[in-house]
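For reference, run07.tsv (TSV, C-alpha atoms):
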chain	number	residue	atom	x	y	z
A	1	MET	CA	106.87	94.45	67.15
A	2	LYS	CA	107.26	97.64	65.13
A	3	THR	CA	109.87	100.12	66.36
A	4	TRP	CA	107.24	102.81	66.93
A	5	GLU	CA	105.38	100.50	69.31
A	6	ASN	CA	108.28	100.81	71.76
A	7	TYR	CA	107.33	104.45	72.31
A	8	ILE	CA	103.64	104.01	72.98
A	9	ARG	CA	102.59	104.98	76.48
A	10	LYS	CA	101.14	101.79	77.91
A	11	VAL	CA	98.58	101.95	80.72
A	12	GLU	CA	95.84	99.74	82.09
A	13	PRO	CA	92.73	101.73	81.15
A	14	TYR	CA	89.78	102.52	83.36
A	15	VAL	CA	86.82	100.24	82.70
A	16	PRO	CA	83.51	102.14	82.89
A	17	GLY	CA	80.21	100.56	83.77
A	18	GLU	CA	78.52	98.69	80.96
A	19	GLN	CA	76.22	100.72	78.73
A	20	PRO	CA	73.68	98.14	77.50
A	21	LYS	CA	72.24	98.55	74.02
A	22	ASP	CA	69.11	96.48	74.75
A	23	THR	CA	65.73	98.10	75.22
A	24	GLY	CA	63.63	97.56	78.33
A	25	VAL	CA	66.69	97.50	80.58
A	26	ILE	CA	66.73	98.58	84.22
A	27	LYS	CA	70.08	100.33	84.44
A	28	LEU	CA	71.41	100.51	87.99
A	29	ASN	CA	75.12	100.18	87.28
A	30	THR	CA	76.55	103.66	86.60
A	31	ASN	CA	74.99	105.85	89.30
A	32	GLU	CA	73.02	108.03	86.92
A	33	ASN	CA	70.07	110.00	88.22
A	34	PRO	CA	66.76	108.31	87.29
A	35	TYR	CA	64.87	111.60	87.09
A	36	PRO	CA	64.70	114.12	84.22
A	37	VAL	CA	66.79	117.28	84.04
A	38	SER	CA	65.47	120.48	85.56
A	39	PRO	CA	62.58	122.18	83.73
A	40	GLU	CA	64.88	125.19	83.52
A	41	VAL	CA	67.24	123.11	81.39
A	42	ILE	CA	64.37	122.14	79.08
A	43	ALA	CA	63.52	125.83	78.73
A	44	ALA	CA	67.16	126.64	77.97
A	45	VAL	CA	67.20	123.95	75.28
A	46	LYS	CA	64.14	125.49	73.60
A	47	GLN	CA	65.60	128.97	73.80
A	48	PHE	CA	69.11	128.08	72.63
A	49	ASP	CA	70.24	130.02	69.57
A	50	THR	CA	71.66	127.34	67.27
A	51	ASP	CA	73.60	129.98	65.34
A	52	ARG	CA	75.96	129.95	68.30
A	53	LEU	CA	77.04	126.45	67.31
A	54	ARG	CA	79.08	127.78	64.38
A	55	LEU	CA	81.14	129.91	66.77
A	56	TYR	CA	83.73	128.86	69.33
A	57	PRO	CA	82.32	128.82	72.87
A	58	ASP	CA	83.52	131.20	75.55
A	59	PRO	CA	86.92	129.81	76.59
A	60	GLU	CA	86.45	131.22	80.10
A	61	ALA	CA	83.03	129.51	80.41
A	62	SER	CA	81.84	132.62	82.23
A	63	VAL	CA	78.09	131.95	82.31
A	64	LEU	CA	78.63	128.54	83.89
A	65	VAL	CA	81.46	129.58	86.21
A	66	ASP	CA	79.42	132.55	87.46
A	67	ALA	CA	76.35	130.38	88.13
A	68	ILE	CA	78.41	127.88	90.15
A	69	ALA	CA	80.16	130.64	92.07
A	70	GLU	CA	76.84	132.26	92.97
A	71	ARG	CA	75.38	128.93	94.11
A	72	TYR	CA	78.29	128.29	96.51
A	73	ASN	CA	78.88	131.90	97.60
A	74	LEU	CA	82.31	132.00	95.98
A	75	SER	CA	83.99	134.41	93.61
A	76	SER	CA	84.22	133.34	89.98
A	77	ASP	CA	88.01	133.08	90.19
A	78	GLN	CA	87.52	130.29	92.74
A	79	VAL	CA	85.76	128.01	90.20
A	80	PHE	CA	87.15	125.85	87.38
A	81	VAL	CA	84.97	123.85	84.97
A	82	GLY	CA	85.70	120.87	82.75
A	83	VAL	CA	84.19	118.09	80.68
A	84	GLY	CA	82.86	116.07	83.59
A	85	SER	CA	84.65	115.69	86.90
A	86	ASP	CA	86.89	113.08	85.24
A	87	ASP	CA	88.34	115.80	83.01
A	88	VAL	CA	88.68	118.14	85.99
A	89	ILE	CA	90.52	115.55	88.08
A	90	SER	CA	92.72	114.58	85.16
A	91	MET	CA	93.70	118.24	84.83
A	92	CYS	CA	94.40	118.33	88.57
A	93	PHE	CA	96.78	115.37	88.31
A	94	MET	CA	98.59	117.10	85.46
A	95	THR	CA	98.75	120.45	87.27
A	96	PHE	CA	99.45	119.65	90.92
A	97	PHE	CA	100.95	116.19	91.24
A	98	ASN	CA	104.49	116.77	89.99
A	99	SER	CA	106.52	116.10	93.12
A	100	ASP	CA	109.05	113.30	93.53
A	101	LEU	CA	106.96	112.22	96.52
A	102	PRO	CA	104.02	109.83	96.06
A	103	VAL	CA	100.41	110.93	95.84
A	104	PHE	CA	98.17	109.22	98.39
A	105	PHE	CA	94.72	107.77	97.71
A	106	PRO	CA	92.69	104.84	99.14
A	107	ASP	CA	93.21	101.31	97.85
A	108	ILE	CA	89.47	100.79	97.54
A	109	SER	CA	88.27	103.90	95.78
A	110	TYR	CA	87.59	105.38	92.37
A	111	SER	CA	89.80	103.24	90.14
A	112	PHE	CA	90.47	106.08	87.70
A	113	TYR	CA	92.97	107.61	90.18
A	114	GLU	CA	95.48	104.88	89.51
A	115	VAL	CA	94.95	105.22	85.75
A	116	TRP	CA	95.62	108.96	85.78
A	117	ALA	CA	98.71	108.45	87.90
A	118	ASP	CA	100.05	105.95	85.36
A	119	VAL	CA	99.18	108.16	82.38
A	120	TYR	CA	100.95	111.19	83.84
A	121	ARG	CA	103.81	109.20	85.39
A	122	VAL	CA	102.85	110.26	88.89
A	123	LYS	CA	104.24	108.29	91.80
A	124	TYR	CA	101.48	107.08	94.09
A	125	GLU	CA	100.83	105.06	97.22
A	126	LYS	CA	97.50	103.41	97.92
A	127	LYS	CA	96.44	103.57	101.56
A	128	PRO	CA	94.39	100.54	102.67
A	129	VAL	CA	90.95	101.23	104.02
A	130	ASP	CA	90.16	99.34	107.20
A	131	SER	CA	88.11	96.16	107.61
A	132	GLN	CA	84.93	98.26	107.51
A	133	PHE	CA	86.12	99.98	104.30
A	134	ARG	CA	86.72	103.25	106.13
A	135	ILE	CA	89.52	105.72	105.36
A	136	ASN	CA	91.84	106.31	108.31
A	137	PRO	CA	92.97	109.99	108.35
A	138	SER	CA	96.17	109.09	110.22
A	139	ASP	CA	97.34	107.14	107.15
A	140	TYR	CA	97.52	110.42	105.22
A	141	LYS	CA	99.97	112.25	107.46
A	142	GLY	CA	103.26	111.12	105.93
A	143	LYS	CA	105.27	113.07	103.37
A	144	ASN	CA	103.47	113.12	100.07
A	145	GLY	CA	103.15	114.87	96.74
A	146	GLY	CA	99.40	115.31	97.04
A	147	ILE	CA	96.26	113.58	98.29
A	148	ILE	CA	92.96	112.70	96.64
A	149	PHE	CA	89.97	110.77	97.96
A	150	PRO	CA	86.23	110.66	97.32
A	151	ASN	CA	83.79	111.64	100.01
A	152	PRO	CA	81.50	109.71	100.11
A	153	ASN	CA	83.89	107.05	98.87
A	154	ALA	CA	83.24	104.92	95.81
A	155	PRO	CA	82.28	102.14	95.45
A	156	THR	CA	81.54	101.80	99.17
A	157	ALA	CA	79.21	104.85	99.62
A	158	ILE	CA	80.87	105.53	103.01
A	159	TYR	CA	80.96	109.16	104.13
A	160	MET	CA	83.80	110.63	106.20
A	161	GLU	CA	82.73	113.28	108.69
A	162	LEU	CA	83.91	116.79	107.87
A	163	ASP	CA	86.16	117.07	110.93
A	164	SER	CA	88.13	114.04	109.69
A	165	VAL	CA	88.35	115.53	106.21
A	166	GLU	CA	89.67	118.74	107.74
A	167	ASP	CA	92.20	116.74	109.75
A	168	ILE	CA	93.70	115.44	106.49
A	169	ILE	CA	93.74	118.89	104.89
A	170	LYS	CA	95.22	120.59	107.94
A	171	SER	CA	97.95	117.95	108.25
A	172	ASN	CA	99.08	118.35	104.63
A	173	GLN	CA	99.34	122.07	103.96
A	174	ASP	CA	102.50	121.61	101.90
A	175	SER	CA	100.62	119.63	99.26
A	176	VAL	CA	97.32	119.92	97.41
A	177	VAL	CA	94.44	117.93	98.88
A	178	ILE	CA	91.58	117.11	96.50
A	179	VAL	CA	88.23	116.03	97.92
A	180	ASP	CA	86.21	114.33	95.18
A	181	GLU	CA	82.58	115.02	96.08
A	182	ALA	CA	80.73	113.36	93.21
A	183	TYR	CA	78.13	112.03	95.69
A	184	ILE	CA	78.13	114.64	98.44
A	185	ASP	CA	74.65	115.94	97.60
A	186	PHE	CA	73.09	112.67	98.83
A	187	GLY	CA	74.34	113.00	102.40
A	188	GLY	CA	76.87	114.76	104.60
A	189	GLN	CA	78.59	118.13	104.57
A	190	SER	CA	80.66	119.45	101.69
A	191	ALA	CA	84.24	120.59	102.28
A	192	VAL	CA	83.49	123.74	100.26
A	193	LYS	CA	83.11	125.64	103.53
A	194	LEU	CA	86.83	124.96	104.23
A	195	ILE	CA	88.11	126.66	101.06
A	196	GLU	CA	88.61	130.05	102.72
A	197	LYS	CA	90.47	128.39	105.58
A	198	TYR	CA	92.90	126.23	103.58
A	199	ASP	CA	94.61	127.41	100.41
A	200	ASN	CA	95.72	123.85	99.57
A	201	LEU	CA	92.16	122.48	99.22
A	202	LEU	CA	90.33	121.68	96.00
A	203	VAL	CA	86.75	120.39	96.07
A	204	VAL	CA	85.54	118.64	92.91
A	205	GLN	CA	81.87	118.06	92.08
A	206	THR	CA	79.85	116.94	89.06
A	207	TYR	CA	76.55	117.34	87.22
A	208	SER	CA	76.42	113.62	86.44
A	209	LYS	CA	74.73	112.39	89.61
A	210	SER	CA	72.49	114.83	91.48
A	211	ARG	CA	71.77	117.07	88.47
A	212	SER	CA	70.70	114.36	85.96
A	213	MET	CA	73.18	115.59	83.34
A	214	ALA	CA	75.73	112.80	82.89
A	215	GLY	CA	75.23	113.11	79.13
A	216	MET	CA	76.32	116.75	79.09
A	217	ARG	CA	79.69	116.06	80.79
A	218	ILE	CA	80.04	118.93	83.24
A	219	GLY	CA	82.33	118.92	86.27
A	220	TYR	CA	83.87	121.65	88.37
A	221	ALA	CA	86.51	122.36	90.99
A	222	MET	CA	86.35	124.96	93.74
A	223	GLY	CA	89.31	126.29	95.64
A	224	ASN	CA	91.80	129.04	96.29
A	225	GLU	CA	92.21	131.53	93.43
A	226	ARG	CA	95.84	130.50	92.86
A	227	LEU	CA	94.88	126.85	92.48
A	228	ILE	CA	92.16	127.75	89.99
A	229	LYS	CA	94.53	130.00	88.02
A	230	ALA	CA	97.06	127.16	87.85
A	231	LEU	CA	94.37	124.82	86.48
A	232	ASN	CA	93.29	127.36	83.88
A	233	ASP	CA	96.91	127.96	82.82
A	234	VAL	CA	97.30	124.25	82.10
A	235	LYS	CA	93.87	124.04	80.46
A	236	PHE	CA	94.64	126.94	78.11
A	237	SER	CA	97.93	125.25	77.25
A	238	VAL	CA	96.11	122.07	76.23
A	239	ASN	CA	92.69	123.13	74.91
A	240	SER	CA	91.10	126.53	75.40
A	241	TYR	CA	87.64	125.37	74.33
A	242	THR	CA	86.90	122.42	76.58
A	243	MET	CA	83.28	123.34	77.31
A	244	ASN	CA	80.81	123.44	74.43
A	245	ALA	CA	78.18	126.16	74.09
A	246	THR	CA	75.23	123.95	75.01
A	247	SER	CA	76.93	122.65	78.17
A	248	LEU	CA	77.56	126.22	79.29
A	249	ALA	CA	73.95	127.31	78.77
A	250	TYR	CA	72.25	124.20	80.13
A	251	GLY	CA	74.67	123.85	83.03
A	252	ALA	CA	74.02	127.42	84.17
A	253	ALA	CA	70.26	126.86	83.97
A	254	SER	CA	70.47	123.70	86.06
A	255	MET	CA	72.64	125.27	88.73
A	256	LYS	CA	70.13	128.06	89.26
A	257	ASP	CA	67.16	125.72	89.82
A	258	VAL	CA	67.70	124.98	93.51
A	259	ASP	CA	64.13	123.84	94.22
A	260	TYR	CA	64.13	121.10	91.57
A	261	PHE	CA	67.61	120.00	92.63
A	262	ASN	CA	66.44	119.57	96.23
A	263	GLU	CA	63.29	117.76	95.11
A	264	THR	CA	65.07	115.07	93.09
A	265	VAL	CA	67.86	114.58	95.62
A	266	ASN	CA	65.28	114.07	98.39
A	267	LYS	CA	63.41	111.55	96.23
A	268	ILE	CA	66.59	109.51	95.82
A	269	ILE	CA	67.40	109.68	99.53
A	270	SER	CA	63.89	108.49	100.37
A	271	THR	CA	64.11	105.59	97.91
A	272	ARG	CA	67.57	104.73	99.25
A	273	THR	CA	66.20	104.41	102.80
A	274	ARG	CA	63.36	102.21	101.61
A	275	SER	CA	65.76	100.11	99.51
A	276	GLU	CA	68.10	99.53	102.41
A	277	GLU	CA	65.21	98.17	104.47
A	278	ARG	CA	64.13	95.80	101.71
A	279	LEU	CA	67.69	94.63	101.00
A	280	ARG	CA	68.14	93.70	104.65
A	281	GLU	CA	64.97	91.62	104.48
A	282	LEU	CA	66.44	89.87	101.42
A	283	GLY	CA	69.60	88.87	103.29
A	284	PHE	CA	71.97	91.64	102.22
A	285	THR	CA	74.41	93.60	104.36
A	286	PHE	CA	76.06	96.89	103.42
A	287	PRO	CA	77.75	99.97	104.87
A	288	GLU	CA	75.51	102.94	105.57
A	289	SER	CA	75.16	104.78	102.26
A	290	LYS	CA	75.47	108.53	101.87
A	291	ALA	CA	75.53	108.28	98.07
A	292	ASN	CA	73.00	107.44	95.36
A	293	PHE	CA	74.00	103.78	95.47
A	294	ILE	CA	74.26	100.90	97.92
A	295	PHE	CA	77.28	98.61	98.23
A	296	ALA	CA	75.72	95.27	99.14
A	297	SER	CA	76.75	91.69	99.83
A	298	HIS	CA	74.38	88.73	100.24
A	299	ARG	CA	74.76	86.32	103.17
A	300	SER	CA	74.82	83.17	101.00
A	301	VAL	CA	74.67	83.83	97.25
A	302	PRO	CA	77.93	85.09	95.66
A	303	ALA	CA	77.81	88.56	94.13
A	304	SER	CA	79.08	87.25	90.80
A	305	VAL	CA	76.13	84.84	90.57
A	306	ILE	CA	73.59	87.53	91.43
A	307	PHE	CA	75.20	89.88	88.90
A	308	GLU	CA	74.87	87.39	86.04
A	309	GLU	CA	71.37	86.33	87.01
A	310	LEU	CA	70.22	89.95	87.10
A	311	LYS	CA	71.68	90.55	83.64
A	312	LYS	CA	69.61	87.65	82.32
A	313	ARG	CA	66.60	89.58	83.58
A	314	LYS	CA	67.81	92.82	81.94
A	315	ILE	CA	68.73	94.40	85.27
A	316	TYR	CA	72.23	95.85	85.37
A	317	VAL	CA	74.18	96.51	88.56
A	318	ARG	CA	77.96	96.92	88.98
A	319	TYR	CA	80.26	94.07	89.97
A	320	PHE	CA	83.98	94.47	90.72
A	321	ALA	CA	86.11	91.33	90.45
A	322	LYS	CA	88.75	92.76	92.76
A	323	PRO	CA	90.29	91.67	96.06
A	324	ARG	CA	88.28	92.46	99.19
A	325	ILE	CA	85.21	93.64	97.26
A	326	ASP	CA	84.54	90.72	94.91
A	327	ASN	CA	81.49	89.65	96.88
A	328	TYR	CA	79.77	93.04	96.70
A	329	LEU	CA	77.43	94.64	94.21
A	330	ARG	CA	77.15	98.37	93.71
A	331	ILE	CA	73.47	99.10	93.16
A	332	THR	CA	72.40	102.52	91.91
A	333	VAL	CA	69.28	103.90	93.54
A	334	GLY	CA	66.68	104.21	90.79
A	335	THR	CA	63.00	105.09	90.95
A	336	ASP	CA	60.73	103.23	93.36
A	337	GLU	CA	59.33	101.28	90.42
A	338	GLN	CA	62.78	100.24	89.21
A	339	MET	CA	63.83	99.19	92.70
A	340	ASP	CA	60.67	97.11	93.16
A	341	LYS	CA	61.52	95.16	90.01
A	342	LEU	CA	65.06	94.69	91.31
A	343	PHE	CA	63.77	93.37	94.66
A	344	GLU	CA	61.43	90.96	92.91
A	345	ALA	CA	64.35	89.58	90.89
A	346	LEU	CA	66.63	89.39	93.94
A	347	ALA	CA	64.00	87.46	95.91
A	348	GLU	CA	63.80	84.95	93.08
A	349	ILE	CA	67.59	84.64	92.70
A	350	THR	CA	68.45	84.38	96.40
A	351	GLY	CA	65.40	82.49	97.61
A	352	ASP	CA	64.85	85.13	100.28
A	353	ARG	CA	61.35	86.57	100.54
Translate this file's structure into structure tokens.
Amino acid sequence: MKTWENYIRKVEPYVPGEQPKDTGVIKLNTNENPYPVSPEVIAAVKQFDTDRLRLYPDPEASVLVDAIAERYNLSSDQVFVGVGSDDVISMCFMTFFNSDLPVFFPDISYSFYEVWADVYRVKYEKKPVDSQFRINPSDYKGKNGGIIFPNPNAPTAIYMELDSVEDIIKSNQDSVVIVDEAYIDFGGQSAVKLIEKYDNLLVVQTYSKSRSMAGMRIGYAMGNERLIKALNDVKFSVNSYTMNATSLAYGAASMKDVDYFNETVNKIISTRTRSEERLRELGFTFPESKANFIFASHRSVPASVIFEELKKRKIYVRYFAKPRIDNYLRITVGTDEQMDKLFEALAEITGDR
């Protein structure tokens, strides 16, 4: 081993969902939206002045921040934007989780939390979800250096009612509580309405799921002005120009198109309901989903077998070879046509009709 290798920061990296290179694939493994971006985004693309690409983008990301603030009835100094919600949450770990006390998050949850904690040398404690994969708010009432959890949770798609979310926030006013709402648009109430009530709350959302813009990498946090200022202070100390000019323009256009947003979200919810019915007929069980995916287990065929058999048929879902969830598949809700092809393959693989 070279001497310099002793000083490399060693972490176990996050493993994203597979991005297949084959054509003709049905991709239901990374929770992308199956529908096109808003027509307003297409119009913004056509109108974009490419001469702006030779200039640095606005470091304050004003056009995007203002559009988000208007959409959620906030002031612009209550909004922070970043390169996807992953970037936003990473910045949150760096900014807020610096106590000697551990940060709390669920043991079955978004696996990037543990990676960020290791990267930034943050102490953490994983709180076990119960036998039904539900978060118990009482587990989050001990001394801590911060709390983060998704709502709905991932990969389970289970939603925690807003009064339980508030219970966690209210019980931890000496630390920052981050509610990761990547999937909130597909069911349930956002914690955004609690921002004025609790100055220790940050709500993080993304364009990658309900807004069909995973490829643009846009995420945002909403919270008390002092929390947002702290995030921006760290951001400007690391990289002032995190958001490119096209993301700012297209992101603002998307946020303003409320009607199209509601239309596509409702399509996915409708397909999710239909898919749950068909999956039950095929012998699957799953928690009630409030996300754009279903976390399903078959009564007799192992998840690992179904996963591999689906891949042979060019259908990709997500499989986690981890304790407690290694017999579940996370299935993104696609179009009705995509889901019909999935059901046809599942009937063949499982023998259930």
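For the set A:Asp336, A:Glu32, A:Asp139, A:Glu181, the residue with the smallest atom-to-atom gap to Asp167 in chain A is A:Asp139, counting all atoms listed in the file.
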Would you pick out the contacts of Val122 in chain A at 8 Å or less, using all atoms listed in the file, so that residues sharing its chain but fewer than 2 positions from it are not included, and give the list as a ChimeraX atom specification? /A:93,97-98,102-103,116-120,124
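Put simply, CA of Lys256 in chain A is 8.3 Å away from CA of Glu40 in chain A.
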Can you tell me how far CA of Asp130 in chain A sits from CA of Ser275 in chain A, in Å to one decimal? 25.6 Å
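When CA of Val165 in chain A is paired with CA of Glu225 in chain A, their separation reads 20.8 Å.
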Write out as number ranges by chain each polymer residue whose atoms come within 12 Å of Leu74 in chain A, counting all atoms listed in the file; drop sequence neighbours fewer than 5 positions from it. A: 65-69, 79-80, 192-196, 221-225
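Nearest to Glu70 in chain A of all the residues A:Met243, A:Ala252, A:Ser90, A:Asn292 is A:Ala252, based on only C-alpha atoms.
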Compile the contact shell of range 285-289 of chain A as a PyMOL selection string: residues with an atom at most 7 Å away, counting all atoms listed in the file, same-chain residues fewer than 5 positions apart removed. chain A and resi 157-158+280+294-298
Store the residues of this selection in a file with C-alpha atoms, as a compact mmCIF listing (two decimals), in the frame of the given file.
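See again.txt below for the written result:
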# COMPACT_ATOMS: atom_id res chain seq x y z
CA ALA A 157 79.21 104.85 99.62
CA ILE A 158 80.87 105.53 103.01
CA ARG A 280 68.14 93.70 104.65
CA ILE A 294 74.26 100.90 97.92
CA PHE A 295 77.28 98.61 98.23
CA ALA A 296 75.72 95.27 99.14
CA SER A 297 76.75 91.69 99.83
CA HIS A 298 74.38 88.73 100.24
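The point (97.3, 115.1, 97.8) has these residues within 7 Å of it, counting all atoms listed in the file: Val103, Phe104, Asn144, Gly145, Gly146, Ile147, Ile148, Ser175, Val176, Val177 and Ile178 of chain A.
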Counting all atoms listed in the file, the residue of A:Ser171, A:Ser210, A:Gln132, A:Ser237 that sits nearest Thr95 in chain A: A:Ser237
Residue neighbourhood Ala154 in chain A, 6 Å, all atoms listed in the file, exclusion window fewer than 2 positions, as a PyMOL selection string: chain A and resi 109-110+156-157
Please produce an output containing C-alpha atoms for each residue in the selection, written as an mmCIF file, in the frame of the given file.
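Saved result, out_17.cif, follows:
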data_model
loop_
_atom_site.group_PDB
_atom_site.id
_atom_site.type_symbol
_atom_site.label_atom_id
_atom_site.label_comp_id
_atom_site.auth_asym_id
_atom_site.auth_seq_id
_atom_site.Cartn_x
_atom_site.Cartn_y
_atom_site.Cartn_z
ATOM 1 C CA SER A 109 88.270 103.900 95.780
ATOM 2 C CA TYR A 110 87.590 105.380 92.370
ATOM 3 C CA THR A 156 81.540 101.800 99.170
ATOM 4 C CA ALA A 157 79.210 104.850 99.620
#
N, CA and C atoms for range 245-265 of chain A, written as a PDB file, keeping the file's coordinate frame, could you do that?
ATOM      1  N   ALA A 245      79.140 125.091  73.831  1.00  0.00           N
ATOM      2  CA  ALA A 245      78.180 126.160  74.090  1.00  0.00           C
ATOM      3  C   ALA A 245      76.914 125.661  74.766  1.00  0.00           C
ATOM      4  N   THR A 246      76.445 124.473  74.396  1.00  0.00           N
ATOM      5  CA  THR A 246      75.230 123.950  75.010  1.00  0.00           C
ATOM      6  C   THR A 246      75.468 123.584  76.482  1.00  0.00           C
ATOM      7  N   SER A 247      76.612 122.992  76.775  1.00  0.00           N
ATOM      8  CA  SER A 247      76.930 122.650  78.170  1.00  0.00           C
ATOM      9  C   SER A 247      76.952 123.895  79.043  1.00  0.00           C
ATOM     10  N   LEU A 248      77.499 124.981  78.521  1.00  0.00           N
ATOM     11  CA  LEU A 248      77.560 126.220  79.290  1.00  0.00           C
ATOM     12  C   LEU A 248      76.153 126.733  79.604  1.00  0.00           C
ATOM     13  N   ALA A 249      75.299 126.770  78.585  1.00  0.00           N
ATOM     14  CA  ALA A 249      73.950 127.310  78.770  1.00  0.00           C
ATOM     15  C   ALA A 249      73.095 126.418  79.657  1.00  0.00           C
ATOM     16  N   TYR A 250      73.111 125.116  79.378  1.00  0.00           N
ATOM     17  CA  TYR A 250      72.250 124.200  80.130  1.00  0.00           C
ATOM     18  C   TYR A 250      72.774 123.998  81.558  1.00  0.00           C
ATOM     19  N   GLY A 251      74.092 123.999  81.697  1.00  0.00           N
ATOM     20  CA  GLY A 251      74.670 123.850  83.030  1.00  0.00           C
ATOM     21  C   GLY A 251      74.343 125.013  83.932  1.00  0.00           C
ATOM     22  N   ALA A 252      74.373 126.235  83.386  1.00  0.00           N
ATOM     23  CA  ALA A 252      74.020 127.420  84.170  1.00  0.00           C
ATOM     24  C   ALA A 252      72.561 127.363  84.592  1.00  0.00           C
ATOM     25  N   ALA A 253      71.693 126.948  83.662  1.00  0.00           N
ATOM     26  CA  ALA A 253      70.260 126.860  83.970  1.00  0.00           C
ATOM     27  C   ALA A 253      69.999 125.856  85.089  1.00  0.00           C
ATOM     28  N   SER A 254      70.653 124.724  85.036  1.00  0.00           N
ATOM     29  CA  SER A 254      70.470 123.700  86.060  1.00  0.00           C
ATOM     30  C   SER A 254      70.940 124.184  87.424  1.00  0.00           C
ATOM     31  N   MET A 255      72.083 124.833  87.462  1.00  0.00           N
ATOM     32  CA  MET A 255      72.640 125.270  88.730  1.00  0.00           C
ATOM     33  C   MET A 255      71.740 126.279  89.436  1.00  0.00           C
ATOM     34  N   LYS A 256      70.985 127.035  88.675  1.00  0.00           N
ATOM     35  CA  LYS A 256      70.130 128.060  89.260  1.00  0.00           C
ATOM     36  C   LYS A 256      68.819 127.498  89.810  1.00  0.00           C
ATOM     37  N   ASP A 257      68.445 126.297  89.402  1.00  0.00           N
ATOM     38  CA  ASP A 257      67.160 125.720  89.820  1.00  0.00           C
ATOM     39  C   ASP A 257      67.346 124.914  91.108  1.00  0.00           C
ATOM     40  N   VAL A 258      67.424 125.606  92.208  1.00  0.00           N
ATOM     41  CA  VAL A 258      67.700 124.980  93.510  1.00  0.00           C
ATOM     42  C   VAL A 258      66.529 124.119  93.966  1.00  0.00           C
ATOM     43  N   ASP A 259      65.306 124.575  93.742  1.00  0.00           N
ATOM     44  CA  ASP A 259      64.130 123.840  94.220  1.00  0.00           C
ATOM     45  C   ASP A 259      64.031 122.458  93.566  1.00  0.00           C
ATOM     46  N   TYR A 260      64.231 122.394  92.252  1.00  0.00           N
ATOM     47  CA  TYR A 260      64.130 121.100  91.570  1.00  0.00           C
ATOM     48  C   TYR A 260      65.276 120.189  91.994  1.00  0.00           C
ATOM     49  N   PHE A 261      66.455 120.757  92.148  1.00  0.00           N
ATOM     50  CA  PHE A 261      67.610 120.000  92.630  1.00  0.00           C
ATOM     51  C   PHE A 261      67.281 119.335  93.970  1.00  0.00           C
ATOM     52  N   ASN A 262      66.763 120.108  94.912  1.00  0.00           N
ATOM     53  CA  ASN A 262      66.440 119.570  96.230  1.00  0.00           C
ATOM     54  C   ASN A 262      65.347 118.498  96.140  1.00  0.00           C
ATOM     55  N   GLU A 263      64.388 118.717  95.260  1.00  0.00           N
ATOM     56  CA  GLU A 263      63.290 117.760  95.110  1.00  0.00           C
ATOM     57  C   GLU A 263      63.790 116.387  94.651  1.00  0.00           C
ATOM     58  N   THR A 264      64.614 116.361  93.617  1.00  0.00           N
ATOM     59  CA  THR A 264      65.070 115.070  93.090  1.00  0.00           C
ATOM     60  C   THR A 264      66.060 114.391  94.036  1.00  0.00           C
ATOM     61  N   VAL A 265      66.924 115.163  94.659  1.00  0.00           N
ATOM     62  CA  VAL A 265      67.860 114.580  95.620  1.00  0.00           C
ATOM     63  C   VAL A 265      67.093 113.932  96.777  1.00  0.00           C
TER      64      VAL A 265
END
